[in-house]
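Trainee: Below is the file structure_21.txt, which contains compact mmCIF, C-alpha atoms (C1' of nucleotides).
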# COMPACT_ATOMS: atom_id res chain seq x y z
CA MET G 249 85.30 -15.35 93.69
CA MET G 250 82.81 -12.79 94.93
CA SER G 251 80.00 -14.33 96.93
CA ASN G 252 77.60 -13.56 99.73
CA SER G 253 77.04 -17.21 100.57
CA THR G 254 78.10 -16.99 104.21
CA ASP G 255 75.66 -14.16 104.86
CA ALA G 256 72.90 -15.71 102.82
CA TYR G 257 72.75 -19.04 104.61
CA GLN G 258 73.79 -18.28 108.16
CA GLN G 259 73.06 -16.15 111.14
CA HIS G 260 74.52 -12.78 110.45
CA ASP G 261 73.97 -9.09 111.02
CA HIS G 262 71.31 -8.78 108.39
CA HIS G 263 70.58 -5.21 109.28
CA ARG G 264 73.97 -4.45 107.86
CA CYS G 265 73.09 -6.15 104.55
CA LEU G 266 69.97 -4.05 104.33
CA LYS G 267 71.71 -0.82 105.26
CA THR G 268 74.50 -1.39 102.78
CA ALA G 269 72.08 -2.26 100.02
CA LEU G 270 70.01 0.85 100.55
CA ALA G 271 73.09 3.04 100.69
CA GLN G 272 74.44 1.54 97.50
CA ALA G 273 71.08 2.02 95.85
CA LYS G 274 71.05 5.67 96.75
CA ASN G 275 74.53 6.18 95.43
CA ARG G 276 73.75 4.39 92.25
CA CYS G 277 70.64 6.47 91.67
CA ILE G 278 72.58 9.65 92.14
CA ALA G 279 75.27 8.44 89.75
CA ARG G 280 72.67 7.56 87.15
CA LYS G 281 70.50 10.59 87.81
CA ALA G 282 67.60 8.32 88.59
CA ARG G 283 65.03 8.78 91.33
CA LEU G 284 64.69 6.28 94.14
CA THR G 285 61.08 7.16 94.83
CA PRO G 286 59.25 5.90 97.93
CA ILE G 287 57.63 3.03 96.03
CA ARG G 288 60.92 1.92 94.55
CA GLU G 289 62.69 2.15 97.87
CA SER G 290 59.91 0.19 99.57
CA VAL G 291 60.19 -2.59 97.02
CA LEU G 292 63.96 -2.71 97.42
CA HIS G 293 63.55 -2.71 101.17
CA LEU G 294 61.11 -5.64 100.99
CA LEU G 295 63.51 -7.59 98.81
CA TRP G 296 66.20 -7.05 101.41
CA GLN G 297 64.10 -8.33 104.28
CA SER G 298 65.96 -11.59 103.90
CA HIS G 299 68.08 -13.55 101.44
CA ARG G 300 65.02 -15.36 100.13
CA PRO G 301 63.67 -14.15 96.82
CA LEU G 302 60.14 -12.78 96.64
CA GLY G 303 57.58 -13.21 93.89
CA ALA G 304 56.00 -10.07 92.46
CA TYR G 305 52.64 -10.84 94.00
CA LYS G 306 54.17 -11.38 97.41
CA ILE G 307 55.61 -7.92 97.09
CA ILE G 308 52.24 -6.59 96.05
CA ASP G 309 50.60 -8.17 99.11
CA GLN G 310 53.23 -6.98 101.54
CA LEU G 311 53.22 -3.50 100.11
CA SER G 312 49.43 -3.38 100.25
CA GLU G 313 49.53 -4.36 103.89
CA GLU G 314 52.30 -1.90 104.70
CA THR G 315 50.58 1.06 103.11
CA GLY G 316 47.02 0.09 103.95
CA LYS G 317 45.90 0.57 100.38
CA ARG G 318 45.61 -1.86 97.54
CA VAL G 319 48.79 -1.76 95.49
CA LEU G 320 48.24 -2.97 91.93
CA PRO G 321 50.55 -5.09 89.76
CA PRO G 322 51.82 -2.36 87.42
CA THR G 323 53.00 -0.32 90.36
CA VAL G 324 55.21 -3.10 91.61
CA TYR G 325 56.33 -4.32 88.20
CA ARG G 326 57.39 -0.82 87.30
CA ALA G 327 59.44 -0.54 90.46
CA LEU G 328 60.98 -3.95 89.75
CA ASP G 329 61.81 -2.91 86.18
CA PHE G 330 63.49 0.20 87.48
CA LEU G 331 65.54 -1.70 90.04
CA LEU G 332 66.48 -4.36 87.49
CA GLU G 333 67.53 -1.69 85.05
CA LEU G 334 69.84 -0.17 87.64
CA GLY G 335 71.26 -3.54 88.58
CA LEU G 336 70.01 -3.25 92.14
CA ILE G 337 68.05 -6.46 92.00
CA HIS G 338 67.95 -9.64 89.95
CA ARG G 339 65.15 -11.76 88.60
CA LEU G 340 65.51 -15.50 89.12
CA ALA G 341 64.06 -17.13 86.03
CA THR G 342 63.65 -20.57 87.56
CA LEU G 343 61.61 -19.16 90.44
CA ASN G 344 59.85 -16.21 88.83
CA ALA G 345 61.09 -14.25 91.78
CA TYR G 346 63.24 -11.27 92.61
CA ILE G 347 66.15 -10.71 94.96
CA GLY G 348 68.38 -7.85 95.96
CA CYS G 349 71.81 -7.71 94.40
CA PRO G 350 74.62 -7.60 96.97
CA PHE G 351 77.17 -6.26 94.47
CA PRO G 352 75.39 -3.60 92.45
CA ASP G 353 78.55 -1.62 92.02
CA SER G 354 80.69 -4.23 90.34
CA ALA G 355 79.85 -5.26 86.83
CA HIS G 356 79.40 -8.99 86.98
CA SER G 357 77.76 -12.01 85.47
CA ASP G 358 75.85 -13.84 88.04
CA CYS G 359 75.61 -17.31 89.33
CA PHE G 360 72.93 -18.01 91.90
CA LEU G 361 72.93 -20.76 94.49
CA LEU G 362 69.33 -21.57 95.39
CA CYS G 363 68.86 -23.69 98.50
CA ARG G 364 65.78 -25.82 97.98
CA GLU G 365 65.44 -26.40 101.70
CA CYS G 366 65.62 -22.97 103.33
CA GLY G 367 64.86 -20.98 100.20
CA SER G 368 67.80 -18.62 100.63
CA VAL G 369 69.78 -17.60 97.60
CA ALA G 370 73.40 -16.58 97.42
CA GLU G 371 74.97 -14.80 94.50
CA CYS G 372 78.43 -15.58 93.21
CA SER G 373 80.47 -14.08 90.52
CA THR G 374 83.21 -16.33 89.31
CA ALA G 375 85.65 -15.88 86.52
CA ASN G 376 85.80 -19.65 86.11
CA VAL G 377 82.14 -20.09 85.27
CA ASN G 378 82.21 -17.14 82.94
CA LYS G 379 85.33 -18.40 81.24
CA SER G 380 83.96 -21.88 80.72
CA ILE G 381 80.72 -20.48 79.35
CA ALA G 382 82.60 -18.13 77.05
CA SER G 383 84.76 -20.95 75.80
CA THR G 384 81.79 -23.25 75.25
CA ALA G 385 79.96 -20.55 73.34
CA GLU G 386 83.04 -19.79 71.30
CA GLN G 387 83.37 -23.41 70.25
CA ALA G 388 79.84 -23.17 68.94
CA GLY G 389 80.55 -19.85 67.22
CA PHE G 390 78.07 -18.19 69.52
CA LEU G 391 78.33 -14.58 70.68
CA VAL G 392 77.36 -14.30 74.33
CA GLU G 393 75.35 -11.28 75.37
CA SER G 394 73.96 -12.38 78.69
CA GLN G 395 73.73 -15.50 80.73
CA THR G 396 71.50 -17.07 83.32
CA VAL G 397 73.08 -19.52 85.73
CA GLU G 398 70.90 -20.84 88.52
CA ILE G 399 72.02 -23.74 90.66
CA LEU G 400 69.58 -25.66 92.79
CA GLY G 401 70.75 -27.65 95.77
CA LEU G 402 71.46 -27.43 99.48
CA CYS G 403 73.38 -24.83 101.42
CA THR G 404 75.79 -25.95 104.14
CA PRO G 405 73.45 -25.54 107.13
CA CYS G 406 70.67 -27.39 105.32
CA GLN G 407 72.99 -30.23 104.33
CA GLU G 408 73.90 -30.63 107.98
CA LYS G 409 70.28 -30.59 109.07
CA MET G 410 69.35 -33.36 106.63
CA PRO G 411 68.88 -36.58 108.65
CA GLN G 412 69.94 -39.10 105.99
CA PRO G 413 73.61 -39.77 105.26
CA ASN G 414 72.71 -39.81 101.57
CA LYS G 415 71.76 -36.17 101.89
CA ALA G 416 71.23 -35.48 98.24
CA LYS G 417 72.08 -36.84 94.90
CA PRO G 418 74.80 -35.04 92.97
CA ILE G 419 74.07 -33.99 89.43
CA LYS G 420 74.44 -36.59 86.76
CA PRO G 421 77.99 -37.21 85.59
CA GLU G 422 79.15 -35.98 82.26
CA ALA G 423 79.14 -38.41 79.35
CA ASP G 424 82.14 -37.11 77.48
CA GLU G 425 83.76 -33.93 76.28
CA MET K 252 81.82 -31.08 74.07
CA MET K 253 78.51 -32.43 72.85
CA SER K 254 76.52 -29.86 70.91
CA ASN K 255 73.96 -29.59 68.16
CA SER K 256 74.88 -26.01 67.34
CA THR K 257 75.69 -26.58 63.66
CA ASP K 258 72.32 -28.19 63.05
CA ALA K 259 70.42 -25.72 65.15
CA TYR K 260 71.58 -22.58 63.40
CA GLN K 261 72.16 -23.60 59.82
CA GLN K 262 70.61 -25.23 56.83
CA HIS K 263 70.63 -28.92 57.47
CA ASP K 264 68.66 -32.05 56.88
CA HIS K 265 66.14 -31.34 59.56
CA HIS K 266 64.04 -34.31 58.64
CA ARG K 267 66.87 -36.36 59.99
CA CYS K 268 66.80 -34.52 63.33
CA LEU K 269 63.10 -35.21 63.59
CA LYS K 270 63.40 -38.84 62.62
CA THR K 271 66.25 -39.46 65.04
CA ALA K 272 64.43 -37.75 67.85
CA LEU K 273 61.28 -39.78 67.33
CA ALA K 274 63.23 -43.02 67.10
CA GLN K 275 65.13 -42.20 70.28
CA ALA K 276 61.88 -41.35 71.99
CA LYS K 277 60.38 -44.69 71.08
CA ASN K 278 63.41 -46.55 72.32
CA ARG K 279 63.46 -44.65 75.52
CA CYS K 280 59.80 -45.33 76.14
CA ILE K 281 60.31 -49.02 75.59
CA ALA K 282 63.29 -49.02 77.92
CA ARG K 283 61.29 -47.23 80.59
CA LYS K 284 58.07 -49.14 79.93
CA ALA K 285 56.31 -45.89 79.25
CA ARG K 286 53.76 -45.24 76.55
CA LEU K 287 54.36 -42.75 73.77
CA THR K 288 50.67 -42.11 73.18
CA PRO K 289 49.43 -40.18 70.12
CA ILE K 290 49.12 -36.94 72.08
CA ARG K 291 52.59 -37.28 73.49
CA GLU K 292 54.06 -38.11 70.15
CA SER K 293 52.27 -35.18 68.53
CA VAL K 294 53.67 -32.80 71.11
CA LEU K 295 57.17 -34.16 70.64
CA HIS K 296 56.73 -33.94 66.88
CA LEU K 297 55.65 -30.30 67.15
CA LEU K 298 58.67 -29.49 69.30
CA TRP K 299 60.88 -31.01 66.63
CA GLN K 300 59.41 -28.95 63.81
CA SER K 301 62.41 -26.71 64.18
CA HIS K 302 65.16 -25.79 66.62
CA ARG K 303 63.07 -22.97 67.99
CA PRO K 304 61.43 -23.59 71.35
CA LEU K 305 57.66 -23.46 71.59
CA GLY K 306 55.52 -22.07 74.40
CA ALA K 307 52.87 -24.36 75.83
CA TYR K 308 50.04 -22.31 74.36
CA LYS K 309 51.60 -22.33 70.92
CA ILE K 310 51.58 -26.10 71.19
CA ILE K 311 47.96 -26.01 72.29
CA ASP K 312 47.04 -23.87 69.30
CA GLN K 313 48.93 -25.96 66.78
CA LEU K 314 47.57 -29.18 68.19
CA SER K 315 44.05 -27.80 68.13
CA GLU K 316 44.46 -26.85 64.51
CA GLU K 317 45.99 -30.20 63.62
CA THR K 318 43.29 -32.24 65.23
CA GLY K 319 40.38 -29.95 64.46
CA LYS K 320 39.22 -29.99 68.06
CA ARG K 321 39.95 -27.70 70.92
CA VAL K 322 42.89 -29.06 72.91
CA LEU K 323 42.95 -27.80 76.47
CA PRO K 324 45.93 -26.82 78.61
CA PRO K 325 46.06 -29.86 80.90
CA THR K 326 46.29 -32.16 77.90
CA VAL K 327 49.40 -30.45 76.66
CA TYR K 328 50.96 -29.84 80.05
CA ARG K 329 50.53 -33.51 80.86
CA ALA K 330 52.28 -34.50 77.67
CA LEU K 331 55.04 -31.99 78.38
CA ASP K 332 55.47 -33.34 81.91
CA PHE K 333 55.76 -36.84 80.55
CA LEU K 334 58.35 -35.84 77.97
CA LEU K 335 60.31 -33.82 80.52
CA GLU K 336 60.27 -36.74 82.92
CA LEU K 337 61.75 -39.00 80.27
CA GLY K 338 64.37 -36.44 79.32
CA LEU K 339 63.04 -36.16 75.79
CA ILE K 340 62.51 -32.43 76.01
CA HIS K 341 63.71 -29.51 78.08
CA ARG K 342 62.02 -26.48 79.52
CA LEU K 343 63.81 -23.17 79.01
CA ALA K 344 63.20 -21.16 82.14
CA THR K 345 64.13 -17.82 80.64
CA LEU K 346 61.63 -18.25 77.80
CA ASN K 347 58.89 -20.29 79.43
CA ALA K 348 59.18 -22.54 76.42
CA TYR K 349 59.99 -26.12 75.53
CA ILE K 350 62.40 -27.73 73.12
CA GLY K 351 63.30 -31.23 72.04
CA CYS K 352 66.43 -32.75 73.53
CA PRO K 353 68.91 -33.91 70.90
CA PHE K 354 70.76 -36.20 73.34
CA PRO K 355 68.10 -37.96 75.36
CA ASP K 356 70.24 -41.05 75.70
CA SER K 357 73.26 -39.54 77.38
CA ALA K 358 72.93 -38.30 80.91
CA HIS K 359 74.01 -34.70 80.81
CA SER K 360 73.71 -31.33 82.40
CA ASP K 361 72.67 -28.81 79.88
CA CYS K 362 73.78 -25.50 78.61
CA PHE K 363 71.56 -23.76 76.09
CA LEU K 364 72.61 -21.21 73.52
CA LEU K 365 69.61 -19.03 72.69
CA CYS K 366 69.94 -16.88 69.61
CA ARG K 367 67.95 -13.73 70.18
CA GLU K 368 67.78 -13.01 66.47
CA CYS K 369 66.58 -16.22 64.82
CA GLY K 370 65.15 -17.76 67.97
CA SER K 371 66.94 -21.05 67.48
CA VAL K 372 68.40 -22.81 70.45
CA ALA K 373 71.34 -25.20 70.54
CA GLU K 374 72.12 -27.47 73.42
CA CYS K 375 75.62 -28.14 74.66
CA SER K 376 76.96 -30.35 77.31
CA THR K 377 80.38 -29.41 78.51
CA ALA K 378 82.47 -30.81 81.28
CA ASN K 379 84.13 -27.43 81.67
CA VAL K 380 80.98 -25.58 82.55
CA ASN K 381 79.92 -28.30 84.92
CA LYS K 382 83.31 -28.40 86.54
CA SER K 383 83.45 -24.66 87.06
CA ILE K 384 79.96 -24.66 88.51
CA ALA K 385 80.78 -27.56 90.80
CA SER K 386 83.93 -25.84 91.98
CA THR K 387 82.14 -22.55 92.57
CA ALA K 388 79.43 -24.30 94.53
CA GLU K 389 81.98 -26.20 96.54
CA GLN K 390 83.77 -23.02 97.54
CA ALA K 391 80.45 -21.81 98.91
CA GLY K 392 79.84 -25.14 100.66
CA PHE K 393 76.84 -25.68 98.43
CA LEU K 394 75.67 -29.11 97.31
CA VAL K 395 74.56 -28.99 93.67
CA GLU K 396 71.50 -31.00 92.68
CA SER K 397 70.59 -29.45 89.36
CA GLN K 398 71.53 -26.46 87.31
CA THR K 399 70.06 -24.15 84.73
CA VAL K 400 72.41 -22.51 82.27
CA GLU K 401 70.88 -20.42 79.50
CA ILE K 402 73.02 -18.17 77.37
CA LEU K 403 71.50 -15.41 75.30
CA GLY K 404 73.30 -14.01 72.29
CA LEU K 405 73.78 -14.43 68.58
CA CYS K 406 74.48 -17.57 66.60
CA THR K 407 77.09 -17.44 63.84
CA PRO K 408 74.74 -16.83 60.90
CA CYS K 409 72.93 -14.08 62.76
CA GLN K 410 76.20 -12.41 63.75
CA GLU K 411 77.15 -12.34 60.09
CA LYS K 412 73.82 -10.96 59.02
CA MET K 413 74.15 -8.19 61.53
CA PRO K 414 77.21 -5.97 61.04
CA GLN K 415 75.44 -3.24 63.01
CA PRO K 416 75.59 -4.16 66.67
CA ASN K 417 71.94 -4.09 67.57
CA LYS K 418 71.00 -3.70 71.20
CA ALA K 419 68.67 -5.66 73.39
CA LYS K 420 65.75 -7.14 71.55
CA PRO K 421 64.22 -9.97 73.52
CA ILE K 422 63.68 -13.16 71.63
CA LYS K 423 60.39 -14.95 71.51
CA PRO K 424 59.91 -18.69 71.61
CA GLU K 425 58.32 -18.76 68.18
CA ALA K 426 57.15 -16.19 65.71
CA ASP K 427 53.44 -16.13 64.98
CA GLU K 428 52.54 -17.71 61.69
C1' DG R 94 36.22 -60.47 82.05
C1' DA R 95 36.44 -57.85 86.21
C1' DA R 96 39.69 -55.05 88.77
C1' DT R 97 43.19 -51.84 88.55
C1' DA R 98 46.06 -48.48 86.63
C1' DA R 99 47.08 -45.17 83.23
C1' DG R 100 45.67 -41.71 80.27
C1' DT R 101 42.43 -38.10 78.61
C1' DG R 102 38.42 -34.57 78.71
C1' DT R 103 36.58 -30.65 80.82
C1' DA R 104 35.61 -26.67 83.75
C1' DA R 105 37.41 -23.66 86.64
C1' DT R 106 40.98 -21.02 88.49
C1' DA R 107 45.78 -19.76 90.10
C1' DA R 108 50.03 -17.28 89.28
C1' DT R 109 52.76 -14.16 86.72
C1' DA R 110 53.01 -10.21 83.73
C1' DT R 111 51.67 -6.39 80.45
C1' DA R 112 48.90 -2.82 77.72
C1' DA R 113 46.63 1.37 77.50
C1' DC R 114 45.36 5.54 79.07
C1' DA R 115 44.39 9.05 82.71
C1' DA R 116 46.07 11.66 86.56
C1' DT R 117 49.71 13.64 89.19
C1' DC R 118 54.10 15.06 90.45
C1' DT R 119 59.12 16.96 89.05
C1' DT R 120 62.13 19.20 86.36
C1' DT R 121 63.32 22.39 82.92
C1' DA R 122 63.03 26.46 80.16
C1' DC R 123 61.69 30.78 79.79
C1' DG W 146 57.21 32.18 89.08
C1' DT W 147 55.00 29.64 85.74
C1' DA W 148 53.98 26.95 81.79
C1' DA W 149 55.59 23.09 79.08
C1' DA W 150 57.71 18.77 78.99
C1' DG W 151 58.90 14.67 80.98
C1' DA W 152 58.71 11.22 84.56
C1' DT W 153 56.05 8.71 87.78
C1' DT W 154 51.94 6.73 89.58
C1' DG W 155 46.85 5.23 89.46
C1' DT W 156 43.49 2.41 87.40
C1' DT W 157 41.07 -0.82 84.47
C1' DA W 158 41.44 -4.42 81.78
C1' DT W 159 43.62 -8.25 79.83
C1' DA W 160 47.44 -11.39 78.30
C1' DT W 161 50.28 -15.38 79.28
C1' DT W 162 51.67 -19.45 81.64
C1' DA W 163 50.33 -23.20 84.58
C1' DT W 164 47.56 -26.08 87.91
C1' DT W 165 43.58 -28.26 90.51
C1' DA W 166 39.83 -31.19 90.72
C1' DC W 167 36.91 -34.45 89.13
C1' DA W 168 34.65 -37.23 85.52
C1' DC W 169 35.35 -40.37 81.95
C1' DT W 170 37.76 -43.62 78.87
C1' DT W 171 41.22 -46.81 77.50
C1' DA W 172 44.90 -50.19 78.49
C1' DT W 173 46.91 -53.63 81.41
C1' DT W 174 46.88 -57.19 84.75
C1' DC W 175 45.32 -61.05 87.06
Re-express the file's structure as structure tokens.
Mentor:
Amino acid sequence: MMSNSTDAYQQHDHHRCLKTALAQAKNRCIARKARLTPIRESVLHLLWQSHRPLGAYKIIDQLSEETGKRVLPPTVYRALDFLLELGLIHRLATLNAYIGCPFPDSAHSDCFLLCRECGSVAECSTANVNKSIASTAEQAGFLVESQTVEILGLCTPCQEKMPQPNKAKPIKPEADE
Amino acid sequence: MMSNSTDAYQQHDHHRCLKTALAQAKNRCIARKARLTPIRESVLHLLWQSHRPLGAYKIIDQLSEETGKRVLPPTVYRALDFLLELGLIHRLATLNAYIGCPFPDSAHSDCFLLCRECGSVAECSTANVNKSIASTAEQAGFLVESQTVEILGLCTPCQEKMPQPNKAKPIKPEADE
DNA sequence: GAATAAGTGTAATAATATAACAATCTTTAC
DNA sequence: GTAAAGATTGTTATATTATTACACTTATTC
């Protein structure tokens, strides 16, 4: 399993995450003959400020403040589209928010772990989830093209910080197969 | 595996789907001492017109037309919230749209198969997917509370209708009529 | 039958995202 | 080097999805 969960939820050298992400982005742009313009790089940089996803309008506000001039929605949405296209970021459908991809170089189907307490999101890529989804789809005669898997819950540090022993309810059990 | 994929994608006695869904809804409301008011029932009925999800504003438009008076967003969103709360419908995060639940009576975590061609959506509940997600989360020390799994692709009939592999064409909740 | 709770009506607005077209900057072709 | 073509950005306007706040009505309870 590929995952950035330890980085995402704990104290770590985040500067390294940022640096790596920007380096990978540059490489990827060169490989694809695409231009990482200042706006695009700024948006990517903002998304790598932390492991918490940002909504488009948060990006707009932060970028406006950074540059001192009013940045308008299309500017940011275009940058986001570009970064999505190159696989440098992801959009989280359940949050309407965006986050940097820690593994832009490896083709992968994603599984996101969204901590409802601290807001941080880790990305995993697991053969198991993909296999089970593929097999489920196959049983239904369905041809998979893309998949969205977003898991809401609590990361380890937030579980430990929860006062109650009944920290959180697990998901409902399965009826039958 | 529990799934309504054969119904969802093929010719079938849809009247039966509708009838079952409404009957289940009534039972569930009685069990929960909740009221299936005319508005709520109308919204549920609209969502069971087909196996294609409907956006909230499509529901608003259809309900306005049905009743001859302008139905406003809060009316519909309140009905949707009620139906979601009772597990009678689901919200599809990737489409911002709503769809009737074929299995309101069995506690389940859901997996949706969204056909990008015909727009129909089937719901599956599979222990395998849940197990693989649980195991992935566990490896990351993450406590799962809820999950969103939406799979985009082609249903069997649409695969057969489409020998030419067509590329990305985003599906819409419902075609305009 | 009054008190309370639940549900609905209405106006306004928030939050997220896109369309359309003009202006500018980069790259390419000559 | 320069003009044409293409890519990127600026700008205005608007579409789409969802919520807040408060007034009013209907149903339930005692």
Trainee: Identify the residues around (43.2, -30.1, 86.6) within a radius of 9 Å, measuring from all atoms listed in the file in the coordinates stated by the file, and give them as an MDAnalysis selection string.
Mentor: (chainID K and resid 325) or (chainID R and resid 103:105) or (chainID W and resid 164:167)
Trainee: Neighbouring residues of Asp353 of chain G were defined as those with any atom within 12 Å, considering all atoms listed in the file; residues of the same chain fewer than 2 positions away were excluded. Please report them as a VMD selection string.
Mentor: chain G and resid 268 to 269 271 to 277 279 to 280 334 to 337 349 to 351 355 to 356
Trainee: Would you kindly report the residues of chain K within 10 Å of chain W, using all atoms listed in the file, as a ChimeraX atom specification?
Mentor: /K:306-308,324-325,328,347-348
Trainee: Would you work out the distance separating atom CA of Ile350 of chain K from atom CA of Trp299 of chain K, expressed in Å to one decimal?
Mentor: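 Distance reported for this atom pair: 7.4 Å.
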Trainee: Kindly provide, as a count of residues only, the residues of chain R having any atom no farther than 12 Å from an atom of chain G, counting only C-alpha atoms (C1' of nucleotides).
Mentor: 10
Trainee: Define the interface residues of chain K facing chain G as those within 7 Å, counting only C-alpha atoms, and report them as a count of residues only.
Mentor: 32
Trainee: Please report the interatomic distance between atom CA of His302 of chain K and atom CA of His265 of chain K in Å with one decimal.
Mentor: 9.0 Å
Trainee: Can you work out the spacing between atom CA of Phe333 of chain K and atom C1' of DG102 of chain R in Å, to one decimal?
Mentor: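 Here the two named atoms are 17.6 Å from each other.
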Trainee: For a quick check of understanding, using only C-alpha atoms, which of G:Cys366, G:Val319, G:Leu295, G:Ile308 has the smallest distance to Tyr346 of chain G?
Mentor: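 Nearest candidate to Tyr346 of chain G out of G:Cys366, G:Val319, G:Leu295, G:Ile308: G:Leu295.
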